[in-house]
Amino acid sequence: MRTFWYPFTHAAAEDIKLIDAPLEDVLRSRAFQPVRRRAVERVRGALQGEIPDADTSDTVKQSVELLSYPLARLIVSCIDDDYLLRRYVLAEAKLAHRRLKSSDTEEVLEIASDLGMGPLYDGENFRIHFVDFVMAAARFRSQKWKLINRTLDRGYLTVTREELLRLMEERIKDRIQEGLPLDAGSICESLSDHLKSIRDELESSKQSSIVDLGEFRRDALPPCMRSLLEQLASGRNLAHTARFALTSFLLNINLSVEEIVGVFNNSPDFDEEMTRYQIEHIAGSTGTRYTPPSCSTMLTYGNCPGGDEICRRIRHPISYYRRRVREASKSSTPS
Amino acid sequence: MESKTASYLRSRFREYYLTASMDAPPGMESREWGFIFYDAPGMRRHRSFSSRKELVDYIRSTVPAHVYHSAAYYLKPDAPTMKEKIWKGADLIFDLDADHLSEYRVSGRRDYGEMLERVKRETMKLLEFLLSDFGFDEKRISVVFSGGRGYHIHVRDPSIMRLRSDARREIVDYLTGRGLDIGRFIYEIDVEGDAGVGRARSLRGPASDAPGWGNRINRAMESMVMHLRALDDEEAISLLKRVDGIGPQKAGRFLSRIREENAINKIRAGNLDFFKYASGTWKLIIPYLMEESVRALSGETDEPVTADVHRLIRFPESLHGGTGLRVTQLTIDSLRAFDPLRDAVVFGDDPVSVEVIRPTTLELMGERFDLIDGRAELPAYAAVFLMARGFAEIGR
């Protein structure tokens, strides 16, 4: 196993112990500057959406790659921000997933077993225990990930290579998440220069993720939709009912599918193709065009954060929006 | 319940607890315990015991009406909040209760014995899923009569201990058939046309030797066809016409297809082409049938109980304070022959005089009691049952 590619594994932790790299040196010594640079790159990459690939063509570079992972975890812990933490965990897992795609079966199996999974390779697909399947698949929404739609025999079921890698990505997320934020204590002081620049970037990343909704009037949005957008902007995952409510609402006030895909691309488990498919479905690709849920339905599913003055006079989020838009245009037109 | 009745029941329960074996569940020291008493409101919970002896001493000295333990294992089982307890894992629990069976949910009065028999059949069906589909080892499964209206299944397999709620819910969905995508089981494939020329579509389904739901769907199709074949034409056609979009003509053509000699063999092999040839409308039947068969074949289980990883469940071998029956530990083998209205009875037949306050009929230990308001002398087991259920008070 190339542990430098998979630094979250137990095997990698063992390798790290073997490298002569006292923390003090990693933090300060000139010799370890590449490690610090790559660690910062990992965290920055996470903020920008993707951790770039690294050159690991010789053993020194491989050690740099390996050591940069624990250091990146320290940096994230020092900043200790939920938004950053989620982005970081997700980006590391995505990086691992990219690498798994180019790994051979033997390496995939080694990593799976390090993660506590025991898939069996049958020459084409993999047999896995249902527990390894549901632990991750219960978080996914599409029908093919439901256990009932699998052939379950004596506790085992078959997944394709691609599916196995997706399941592993979830396990990797859990592994990376474990223990974060670390108790970094005084270590953070030595990292202060790096932390400053990342903090700035974090702020601007949060700012820019506040969605640009173009034409329509943000201030005319009802409190429920505003709150859902804010949750998305802070990188939180929305419940299914909330996604549906927001999507059908935005479609109804004439945002395009593309614009709405843009709204969701901040979601931690953003999958552009799936998102577009779902939005198109709600938009009526199958013949039914959905209307957004009423205020009482929003309330039932816990998607109403509590209304304001206007909410008392309307029963539907759309009415709220229309009323506000109408009022605004009246007051801006000279009488 | 009058206080003299409560203290009578307590003294009978104490009698039982002084000799009951009360094997502690595995990991008892990591579990939370809860107790309800006849003469105190609410539940005393967040208790923990470090040994079986400590637990048994507590039960013998306080004599609770109901005893529960958590399905979960905690680092600090006696901490007052779930957060502080620190969850380590939990058994996988299924609660099969007559209240959850759709046919009992609406009807009012019902026969207790028959109802328990019905839940027992559901329990066996669920056990079949757990053994064959999920491949759990029989040794890791314990079946318990709840002492009330049903059965509990405890799965104690290390593989499932750490599963979170969402994953447990997936297991329940599997058992109840929720979210089943019929297209995964019934689908068309391309086949070579006759003499290798051109291509044709062939309708396939799961074969009879398919594992899991495939096998169940196959059996459902076979039994539907068998059922239709056993009817005369008129009855069969009127049944088929209930499916939306099927008229007398289509029904007739379908019927003549399934009356063909090899129809059953074809179904067993998963070859459904004879469903298809009489135009695509036959496919109308399949989703309809699937829906019906999923409903009939799915184990019924209470999802909130299985998905709740902090749930308390009755301690096997304790008494159910609402019936006086023993929460009885069974094995998969002993379940079949188990008769709760005899085998879960722990009290003797010494005569006890009671005041019946609600007329009722009761069958226990093979005896039938028709009771009207007023004084009655009953064997202890029947007297305890009626008082615990609130149908009688202790007599003078």
# chains A, B, ... in the order shown; residues from 1 in each chain; ligands from 1

call {"tool": "interface_residues", "arguments": {"of": "chain A", "to": "chain B", "cutoff": "10 Å", "atoms": "only C-alpha atoms", "output": "JSON, numbers by chain"}}
result
{"A": [129, 130, 131, 132, 133, 134, 135, 136, 137, 138, 139, 143, 144, 145, 146, 147, 148, 149, 150, 151, 152, 153, 154, 155, 156, 157]}

call {"tool": "write_last_selection", "arguments": {"atoms": "N, CA, C and O atoms", "output": "mmCIF file, in the first residue's frame"}}
result
data_model
loop_
_atom_site.group_PDB
_atom_site.id
_atom_site.type_symbol
_atom_site.label_atom_id
_atom_site.label_comp_id
_atom_site.auth_asym_id
_atom_site.auth_seq_id
_atom_site.Cartn_x
_atom_site.Cartn_y
_atom_site.Cartn_z
ATOM 1 N N HIS A 129 -20.130 -7.473 3.312
ATOM 2 C CA HIS A 129 -21.098 -7.749 4.362
ATOM 3 C C HIS A 129 -22.108 -6.601 4.391
ATOM 4 O O HIS A 129 -21.758 -5.449 4.167
ATOM 5 N N PHE A 130 -23.369 -6.923 4.690
ATOM 6 C CA PHE A 130 -24.402 -5.881 4.623
ATOM 7 C C PHE A 130 -24.131 -4.731 5.591
ATOM 8 O O PHE A 130 -24.517 -3.596 5.331
ATOM 9 N N VAL A 131 -23.459 -5.012 6.687
ATOM 10 C CA VAL A 131 -23.168 -3.938 7.648
ATOM 11 C C VAL A 131 -22.242 -2.895 7.006
ATOM 12 O O VAL A 131 -22.443 -1.691 7.149
ATOM 13 N N ASP A 132 -21.237 -3.382 6.263
ATOM 14 C CA ASP A 132 -20.339 -2.455 5.572
ATOM 15 C C ASP A 132 -21.096 -1.647 4.527
ATOM 16 O O ASP A 132 -20.722 -0.529 4.196
ATOM 17 N N PHE A 133 -22.138 -2.229 4.003
ATOM 18 C CA PHE A 133 -22.953 -1.534 3.011
ATOM 19 C C PHE A 133 -23.829 -0.476 3.678
ATOM 20 O O PHE A 133 -23.750 0.707 3.355
ATOM 21 N N VAL A 134 -24.645 -0.881 4.650
ATOM 22 C CA VAL A 134 -25.615 0.076 5.211
ATOM 23 C C VAL A 134 -24.963 1.206 5.998
ATOM 24 O O VAL A 134 -25.502 2.307 6.039
ATOM 25 N N MET A 135 -23.813 0.927 6.612
ATOM 26 C CA MET A 135 -23.180 1.992 7.388
ATOM 27 C C MET A 135 -23.004 3.247 6.552
ATOM 28 O O MET A 135 -23.235 4.349 7.008
ATOM 29 N N ALA A 136 -22.594 3.062 5.304
ATOM 30 C CA ALA A 136 -22.406 4.207 4.417
ATOM 31 C C ALA A 136 -23.644 4.496 3.592
ATOM 32 O O ALA A 136 -24.083 5.635 3.471
ATOM 33 N N ALA A 137 -24.261 3.451 3.058
ATOM 34 C CA ALA A 137 -25.346 3.644 2.095
ATOM 35 C C ALA A 137 -26.577 4.285 2.721
ATOM 36 O O ALA A 137 -27.353 4.936 2.032
ATOM 37 N N ALA A 138 -26.750 4.123 4.021
ATOM 38 C CA ALA A 138 -27.914 4.724 4.690
ATOM 39 C C ALA A 138 -27.879 6.247 4.555
ATOM 40 O O ALA A 138 -28.886 6.913 4.726
ATOM 41 N N ARG A 139 -26.706 6.798 4.234
ATOM 42 C CA ARG A 139 -26.605 8.252 4.091
ATOM 43 C C ARG A 139 -26.938 8.717 2.680
ATOM 44 O O ARG A 139 -27.092 9.911 2.437
ATOM 45 N N GLN A 143 -32.316 5.226 -4.855
ATOM 46 C CA GLN A 143 -32.908 3.917 -4.596
ATOM 47 C C GLN A 143 -31.919 2.775 -4.645
ATOM 48 O O GLN A 143 -32.077 1.787 -3.945
ATOM 49 N N LYS A 144 -30.900 2.907 -5.504
ATOM 50 C CA LYS A 144 -30.008 1.769 -5.661
ATOM 51 C C LYS A 144 -29.184 1.524 -4.391
ATOM 52 O O LYS A 144 -28.600 0.475 -4.224
ATOM 53 N N TRP A 145 -29.151 2.517 -3.512
ATOM 54 C CA TRP A 145 -28.403 2.338 -2.270
ATOM 55 C C TRP A 145 -29.254 1.770 -1.144
ATOM 56 O O TRP A 145 -28.801 1.628 -0.028
ATOM 57 N N LYS A 146 -30.507 1.512 -1.440
ATOM 58 C CA LYS A 146 -31.329 0.897 -0.395
ATOM 59 C C LYS A 146 -31.050 -0.602 -0.345
ATOM 60 O O LYS A 146 -30.996 -1.262 -1.376
ATOM 61 N N LEU A 147 -30.901 -1.099 0.869
ATOM 62 C CA LEU A 147 -30.588 -2.516 1.053
ATOM 63 C C LEU A 147 -31.616 -3.412 0.370
ATOM 64 O O LEU A 147 -31.275 -4.441 -0.210
ATOM 65 N N ILE A 148 -32.865 -3.003 0.423
ATOM 66 C CA ILE A 148 -33.934 -3.831 -0.145
ATOM 67 C C ILE A 148 -33.748 -4.060 -1.642
ATOM 68 O O ILE A 148 -34.202 -5.049 -2.186
ATOM 69 N N ASN A 149 -33.061 -3.144 -2.315
ATOM 70 C CA ASN A 149 -32.877 -3.309 -3.750
ATOM 71 C C ASN A 149 -31.585 -4.042 -4.102
ATOM 72 O O ASN A 149 -31.111 -3.983 -5.231
ATOM 73 N N ARG A 150 -31.036 -4.717 -3.103
ATOM 74 C CA ARG A 150 -29.851 -5.539 -3.321
ATOM 75 C C ARG A 150 -30.223 -6.992 -3.074
ATOM 76 O O ARG A 150 -31.146 -7.272 -2.322
ATOM 77 N N THR A 151 -29.469 -7.876 -3.668
ATOM 78 C CA THR A 151 -29.710 -9.278 -3.386
ATOM 79 C C THR A 151 -28.875 -9.667 -2.182
ATOM 80 O O THR A 151 -27.655 -9.761 -2.262
ATOM 81 N N LEU A 152 -29.557 -9.853 -1.076
ATOM 82 C CA LEU A 152 -28.875 -10.123 0.183
ATOM 83 C C LEU A 152 -28.941 -11.616 0.458
ATOM 84 O O LEU A 152 -30.019 -12.193 0.535
ATOM 85 N N ASP A 153 -27.773 -12.223 0.579
ATOM 86 C CA ASP A 153 -27.738 -13.668 0.774
ATOM 87 C C ASP A 153 -26.777 -13.992 1.904
ATOM 88 O O ASP A 153 -25.586 -13.723 1.806
ATOM 89 N N ARG A 154 -27.325 -14.563 2.985
ATOM 90 C CA ARG A 154 -26.508 -14.916 4.156
ATOM 91 C C ARG A 154 -25.620 -13.761 4.613
ATOM 92 O O ARG A 154 -24.456 -13.944 4.918
ATOM 93 N N GLY A 155 -26.176 -12.568 4.582
ATOM 94 C CA GLY A 155 -25.445 -11.417 5.115
ATOM 95 C C GLY A 155 -24.575 -10.684 4.105
ATOM 96 O O GLY A 155 -24.035 -9.640 4.411
ATOM 97 N N TYR A 156 -24.423 -11.258 2.901
ATOM 98 C CA TYR A 156 -23.538 -10.627 1.916
ATOM 99 C C TYR A 156 -24.285 -10.145 0.674
ATOM 100 O O TYR A 156 -25.337 -10.683 0.328
ATOM 101 N N LEU A 157 -23.730 -9.137 0.019
ATOM 102 C CA LEU A 157 -24.303 -8.662 -1.231
ATOM 103 C C LEU A 157 -23.173 -8.228 -2.155
ATOM 104 O O LEU A 157 -22.034 -8.083 -1.723
#

call {"tool": "residues_around", "arguments": {"residues": "Thr328 of chain B", "least_positions_apart": "3", "cutoff": "9 Å", "atoms": "only C-alpha atoms", "output": "MDAnalysis selection string"}}
result
chainID B and resid 143:147 316:319 325 340 343:344

call {"tool": "atom_distance", "arguments": {"atom1": "atom CA of Phe49 of chain B", "atom2": "atom CA of Arg12 of chain B"}}
result
24.4 Å

call {"tool": "select_by_dssp", "arguments": {"residues": "segment 26-247 of chain B", "states": "alpha helix (DSSP H)", "output": "PyMOL selection string"}}
result
chain B and resi 52-62+82-85+102-106+112-128+165-176+212-230+233-240

call {"tool": "select_by_dssp", "arguments": {"residues": "segment 108-323 of chain A", "states": "strand (DSSP E or B)", "output": "ChimeraX atom specification"}}
result
/A:120-121,126-129,153,156-159

call {"tool": "residues_around", "arguments": {"residues": "Val159 of chain A", "least_positions_apart": "4", "cutoff": "9 Å", "atoms": "only C-alpha atoms", "output": "VMD selection string"}}
result
chain A and resid 125 to 128 133 150 163 to 164

call {"tool": "atom_distance", "arguments": {"atom1": "atom CA of Arg60 of chain B", "atom2": "atom CA of Ser21 of chain B"}}
result
11.9 Å

call {"tool": "closest_residue", "arguments": {"among": "A:Met1, A:Leu182, A:Ala13, A:Ile282", "to": "Glu107 of chain A", "atoms": "only C-alpha atoms"}}
result
A:Met1
